[in-house]
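Everything on this sheet refers to the single structure shown next.
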Protein chains: 2
Amino acid sequence: MRPTSETLRHAALDQLQSRDGQLLIGGESVSAILERVGRTPFYAYDRQAIATRVAQLRAALPEGMRLHYAIKANPMPALVAHMAGLVDGFDVASAGELRIALAAGMAPGCIGFAGPGKSVPELQAAVAAGITIHAESEREIAILHDLGSRDRRPRLAIRVNPAFELKTAGMKMGGGASQFGIDAERVPALLRSLDTARVEFRGFHVFAGSQNLSATAISEAQSQTLLLVEQLAADAPGPVAELNIGGGLGIPYFPGERPVDLAAVGTALAQLAARARRTLPGTRLIIELGRYLVGEAGYYVCRIIDRKLSRGRVFLVTDGGLHHHLAASGNFGQVVRKNYPVVIASRLDQPPAEIASVVGPLCTPLDLLADAMLFPQAGPGDLVAVLQSGAYGCSASPHGFLGHPEPLEILV
Amino acid sequence: MRPTSETLRHAALDQLQSRDGQLLIGGESVSAILERVGRTPFYAYDRQAIATRVAQLRAALPEGMRLHYAIKANPMPALVAHMAGLVDGFDVASAGELRIALAAGMAPGCIGFAGPGKSVPELQAAVAAGITIHAESEREIAILHDLGSRDRRPRLAIRVNPAFELKTAGMKMGGGASQFGIDAERVPALLRSLDTARVEFRGFHVFAGSQNLSATAISEAQSQTLLLVEQLAADAPGPVAELNIGGGLGIPYFPGERPVDLAAVGTALAQLAARARRTLPGTRLIIELGRYLVGEAGYYVCRIIDRKLSRGRVFLVTDGGLHHHLAASGNFGQVVRKNYPVVIASRLDQPPAEIASVVGPLCTPLDLLADAMLFPQAGPGDLVAVLQSGAYGCSASPHGFLGHPEPLEILV
């Protein structure tokens, strides 16, 4: 572990708000939030930041484009309920997420369910709820025909595995062979085999990848998506009611990364929507976002328990770590570990003073939240915050590992 | 994803037992175990395999050497209770693990507690329980002095960060700067500062690394550990009652890896123990193992839900995945992802027929249990087992991710 270059700055640090040296989350100081929560470690999500992000998107997106929230990014029920008042629909990835979506009050007709390997009970629950099922395979389509009847036709969309992929995406989910969706070249025959007496054909879902910071790459994939669906529509058993073009907008996690150019994405989407009004009249365009809506609104807060000097290096040992925030430790999809933006949340008014590493309490060298970053001098009692932690943080971490307390969550 | 070389075989496949094509776990067929558990996915642990492994160790270790189980490897309470009847002590890494250790009936005097960043309540609980605390910092030693009195002296051992490291270890935890232990060069002054009226000095703990398959490297580190402690003992405030030499014995996970040469480790330990009888008379030598005791006794079992063909590749989509078995997905410490040993547990009598990938139900390409391995032809209903899954499997995985059911656990 060597000091990382500080010449490349974390973009999220430029957005920080503070008062008297304390990080502000939703206008409240981190210590005031800690008093409400009662103990560290906890995740805090800023409801106003989420609303602001949705408003920015609304302003950038063409009129009539539907905005869906992908619950897998953050399934905290209170956050999902907050989101229900902001967006036009939800996407769920399991029966568990479906229950959260319904409990939040979202209309079933505005919920989509994608994901490979859906079990029969999951498909039954989805049909019973009246949501739209994004079929990922011929098997799922066959089961939906079995479950369907004239009285209750399952709402069926087809998730297509395109032949193209989302360039520069953090996670590619289309192009080449994939467990996601049905290969585009097999879709026309499949469309012709649908029995609309037993299933209600709703449309298509194409998801090319996620965590992309390039507006050009995102817009290219969206344009190719529309082209693909225009072709597929010729074999559809009826009008294409919905087209979920996926999401893919990333957020800047690592030094040197910049926010995606939302205006550029919006301009390209306006052209896309204009074209779709001609080529696919009556089709509702849906953009599905998870991380982009909530990722920057979340903070993971833990407390320094010990300050250790070892052979010239400083370790700040906290009560939080990998068991609560796997992604920040670098063990969730990263090939080369990079630091998330991490701050001493109780000393934002103090100048950088030393290079230190923030580690958790686990007996493994993997438990690393910040590797040799520049911080003000800090010690036991100080609070550490990991920024950009609103998505794929709490729910994507191994809470039980080594028997420490669960992380708490608060929406402020 | 390309087919991996099958010229290098998984060592664990040579140990498999089967009957009528069914994997046997503890002499029971996997389908019989599934009937008891009621559903997939589940972890099954073979209690006889654990007992056999402990017996092998007992036969290889020098007489009088104490064998401890590190609960962090697998904290399932029933497994820990089984282990209580087999080993001489437990090592815990949190207050949560301490409660499991005590519930299993282990004598407090035979429990050690190591781990950085112990909180004051954790240290209080450890003192109240009468276990031995492996202090990781000057701060912990100061707190133990504060908590101690003539009537109740905390049992204190010092975890030393040696200047050497365990060569070829999967996880290095000593050598250079580290969050683990106290730098060896600072220990003498610290020993002289101990107030034995307030704390009971017990000895030392040196843990150089884990998941090592080289008997030579392990024995070298153990030899260096003894040398280090012989030097440190000169400044100790009393006799060294205990020396925990760590563990580090690995198990073969990946193709081409071979089991550690236990006889060689045992021979070297016998020489070490003979030397320690002269240089540290009366010191109880402890070897602490987690993964080596339970890792090979555990199986993660899931069911194939869908069989998908995509552009020439076969995907077997299961109801289990990364959310239950993060390590097998390659997202827990591996830099380059390699396949765990994975089998079609319901078709062990059938010849290899195709290259297929086993993926889970999560909407992320990270959810991969087997990347292009050679399997018999398999499809929906078949059972998949991930071998070598008894350690750092269930408890080290993000169960809540994407809202699927929790994994179940059974000890057979």
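Identifiers in the structure tokens: chain A, B, ... in order shown; residue index from 1 per chain; ligand index from 1 in order shown.
With only C-alpha atoms taken into account, the protein and nucleic acid residues at most 10 Å from Arg303 of chain A (excluding it and anything under 4 positions from it in its own chain) are A:Arg39, A:Thr40, A:Pro41, A:Phe42, A:Leu316, A:Val317, A:Thr318, A:Asp319, A:Gly320, A:Ile344, A:Ala345, A:Ser346, A:Gly360, A:Gly379, A:Pro380, A:Gly381, A:Asp382, A:Leu383, A:Val384, A:Ala385.
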Hey, which bits of segment 206-256 of chain A sit within 12 Å of segment 104-111 of chain A, and for each residue what's the closest pair of atoms and how far apart in Å (one decimal), counting only C-alpha atoms, rows by chain and increasing number, as JSON lines?
{"residue": "A:Ala241", "atom": "CA", "partner": "A:Gly109", "partner_atom": "CA", "distance": 11.7}
{"residue": "A:Glu242", "atom": "CA", "partner": "A:Cys110", "partner_atom": "CA", "distance": 10.4}
{"residue": "A:Asn244", "atom": "CA", "partner": "A:Ile111", "partner_atom": "CA", "distance": 11.4}
>> Report, in Å with one decimal, the straight-line distance from atom CA of Ala396 of chain A to atom CA of Phe90 of chain B.
In response: 29.5 Å
>> Please list as number ranges by chain every residue within 10 Å of Gly209 of chain A, counting only C-alpha atoms and excluding residues in the same chain fewer than 2 positions away.
In response: A: 165-175, 206-207, 211-212, 218, 221, 246-249; B: 364-365
>> Let's see if you can do this: from backbone DSSP, list all alpha helix (DSSP H) residues in segment 5-252 of chain B, as a count of residues only.
In response: 85
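Going from atom CA of Asp14 of chain B to atom CA of Tyr253 of chain B covers 12.6 Å.
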>> So that I can check the surroundings of Glu409 of chain B, please list as a PyMOL selection string every protein, DNA and RNA residue that reaches within 10 Å of it, counting only C-alpha atoms and ignoring chain neighbours fewer than 4 positions away.
In response: chain B and resi 37+41-45+76+78-79+298-300+394
Could you write those residues out with N, CA, C and O atoms, as a short mmCIF file (atom, residue, chain, number, x, y, z; two decimals), in the first residue's frame?
data_model
loop_
_atom_site.label_atom_id
_atom_site.label_comp_id
_atom_site.auth_asym_id
_atom_site.auth_seq_id
_atom_site.Cartn_x
_atom_site.Cartn_y
_atom_site.Cartn_z
N VAL B 37 -33.84 -30.27 4.68
CA VAL B 37 -33.72 -28.80 4.74
C VAL B 37 -35.00 -28.16 4.22
O VAL B 37 -35.44 -27.11 4.71
N PRO B 41 -31.48 -22.55 -1.67
CA PRO B 41 -30.10 -22.98 -1.47
C PRO B 41 -29.80 -23.23 0.01
O PRO B 41 -30.45 -22.63 0.88
N PHE B 42 -28.82 -24.10 0.25
CA PHE B 42 -28.39 -24.33 1.63
C PHE B 42 -26.91 -24.68 1.67
O PHE B 42 -26.33 -25.10 0.67
N TYR B 43 -26.36 -24.49 2.84
CA TYR B 43 -25.01 -24.97 3.15
C TYR B 43 -25.16 -26.22 4.00
O TYR B 43 -25.97 -26.26 4.93
N ALA B 44 -24.39 -27.25 3.67
CA ALA B 44 -24.35 -28.45 4.50
C ALA B 44 -22.91 -28.66 4.96
O ALA B 44 -21.97 -28.57 4.15
N TYR B 45 -22.76 -28.95 6.24
CA TYR B 45 -21.45 -29.18 6.83
C TYR B 45 -21.41 -30.60 7.37
O TYR B 45 -22.34 -31.05 8.04
N MET B 76 -21.49 -20.86 12.62
CA MET B 76 -22.78 -21.52 12.83
C MET B 76 -22.80 -22.14 14.24
O MET B 76 -21.94 -22.98 14.56
N ALA B 78 -24.34 -24.51 15.85
CA ALA B 78 -24.29 -25.97 16.00
C ALA B 78 -22.91 -26.50 15.63
O ALA B 78 -22.40 -27.45 16.27
N LEU B 79 -22.30 -25.91 14.64
CA LEU B 79 -20.95 -26.33 14.25
C LEU B 79 -19.95 -25.97 15.35
O LEU B 79 -19.06 -26.76 15.68
N GLY B 298 -17.53 -28.35 4.05
CA GLY B 298 -18.75 -27.63 3.74
C GLY B 298 -19.07 -27.58 2.26
O GLY B 298 -18.18 -27.54 1.41
N TYR B 299 -20.37 -27.59 1.96
CA TYR B 299 -20.88 -27.60 0.59
C TYR B 299 -21.99 -26.57 0.50
O TYR B 299 -22.85 -26.50 1.37
N TYR B 300 -21.97 -25.81 -0.57
CA TYR B 300 -23.09 -24.92 -0.85
C TYR B 300 -23.90 -25.55 -1.97
O TYR B 300 -23.36 -25.84 -3.05
N CYS B 394 -20.99 -18.85 4.04
CA CYS B 394 -22.30 -18.31 4.42
C CYS B 394 -22.17 -16.99 5.17
O CYS B 394 -22.83 -16.00 4.83
#
>> Using Å and a single decimal, report how far atom CA of Gln388 of chain A sits from atom CA of Ala12 of chain A.
In response: 7.3 Å
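With only C-alpha atoms as the atoms that count, the residue of A:Asp20, A:Asp151, A:Glu138, A:Glu35 with the shortest distance to chain B is A:Glu138.
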>> Just want the 10 Å neighbourhood of Ala11 of chain A, counted on only C-alpha atoms, with same-chain residues fewer than 2 positions away dropped. Output as a PyMOL selection string.
In response: chain A and resi 8-9+13-16+251-259+341
Using N, CA and C atoms, can you export the residues from the last selection as a compact mmCIF listing (two decimals), in the first residue's frame?
# COMPACT_ATOMS: atom_id res chain seq x y z
N LEU A 8 -5.30 13.70 -8.57
CA LEU A 8 -6.63 13.44 -9.10
C LEU A 8 -7.60 13.46 -7.93
N ARG A 9 -8.51 14.40 -7.96
CA ARG A 9 -9.38 14.62 -6.83
C ARG A 9 -10.67 13.81 -6.99
N LEU A 13 -16.01 15.31 -3.37
CA LEU A 13 -15.53 16.23 -2.33
C LEU A 13 -15.92 17.68 -2.64
N ASP A 14 -16.16 17.96 -3.91
CA ASP A 14 -16.53 19.33 -4.28
C ASP A 14 -17.97 19.66 -3.91
N GLN A 15 -18.76 18.65 -3.59
CA GLN A 15 -20.18 18.87 -3.27
C GLN A 15 -20.42 18.93 -1.76
N LEU A 16 -19.40 18.66 -0.98
CA LEU A 16 -19.60 18.54 0.47
C LEU A 16 -20.14 19.82 1.08
N ILE A 251 -22.02 7.26 -11.51
CA ILE A 251 -21.63 8.38 -10.63
C ILE A 251 -20.12 8.29 -10.43
N PRO A 252 -19.47 9.42 -10.18
CA PRO A 252 -18.02 9.40 -10.02
C PRO A 252 -17.61 8.89 -8.64
N TYR A 253 -17.00 7.71 -8.62
CA TYR A 253 -16.53 7.15 -7.35
C TYR A 253 -15.08 7.50 -7.08
N PHE A 254 -14.26 7.43 -8.12
CA PHE A 254 -12.82 7.36 -7.90
C PHE A 254 -12.13 8.63 -8.38
N PRO A 255 -10.91 8.87 -7.86
CA PRO A 255 -10.21 10.10 -8.20
C PRO A 255 -10.09 10.29 -9.71
N GLY A 256 -10.41 11.47 -10.17
CA GLY A 256 -10.30 11.79 -11.59
C GLY A 256 -11.57 11.55 -12.36
N GLU A 257 -12.51 10.76 -11.81
CA GLU A 257 -13.77 10.55 -12.53
C GLU A 257 -14.64 11.81 -12.45
N ARG A 258 -15.36 12.09 -13.53
CA ARG A 258 -16.22 13.27 -13.57
C ARG A 258 -17.67 12.82 -13.75
N PRO A 259 -18.61 13.62 -13.25
CA PRO A 259 -20.02 13.27 -13.42
C PRO A 259 -20.38 13.16 -14.90
N PRO A 341 -14.39 8.19 -2.07
CA PRO A 341 -14.16 9.42 -1.32
C PRO A 341 -14.49 9.20 0.16
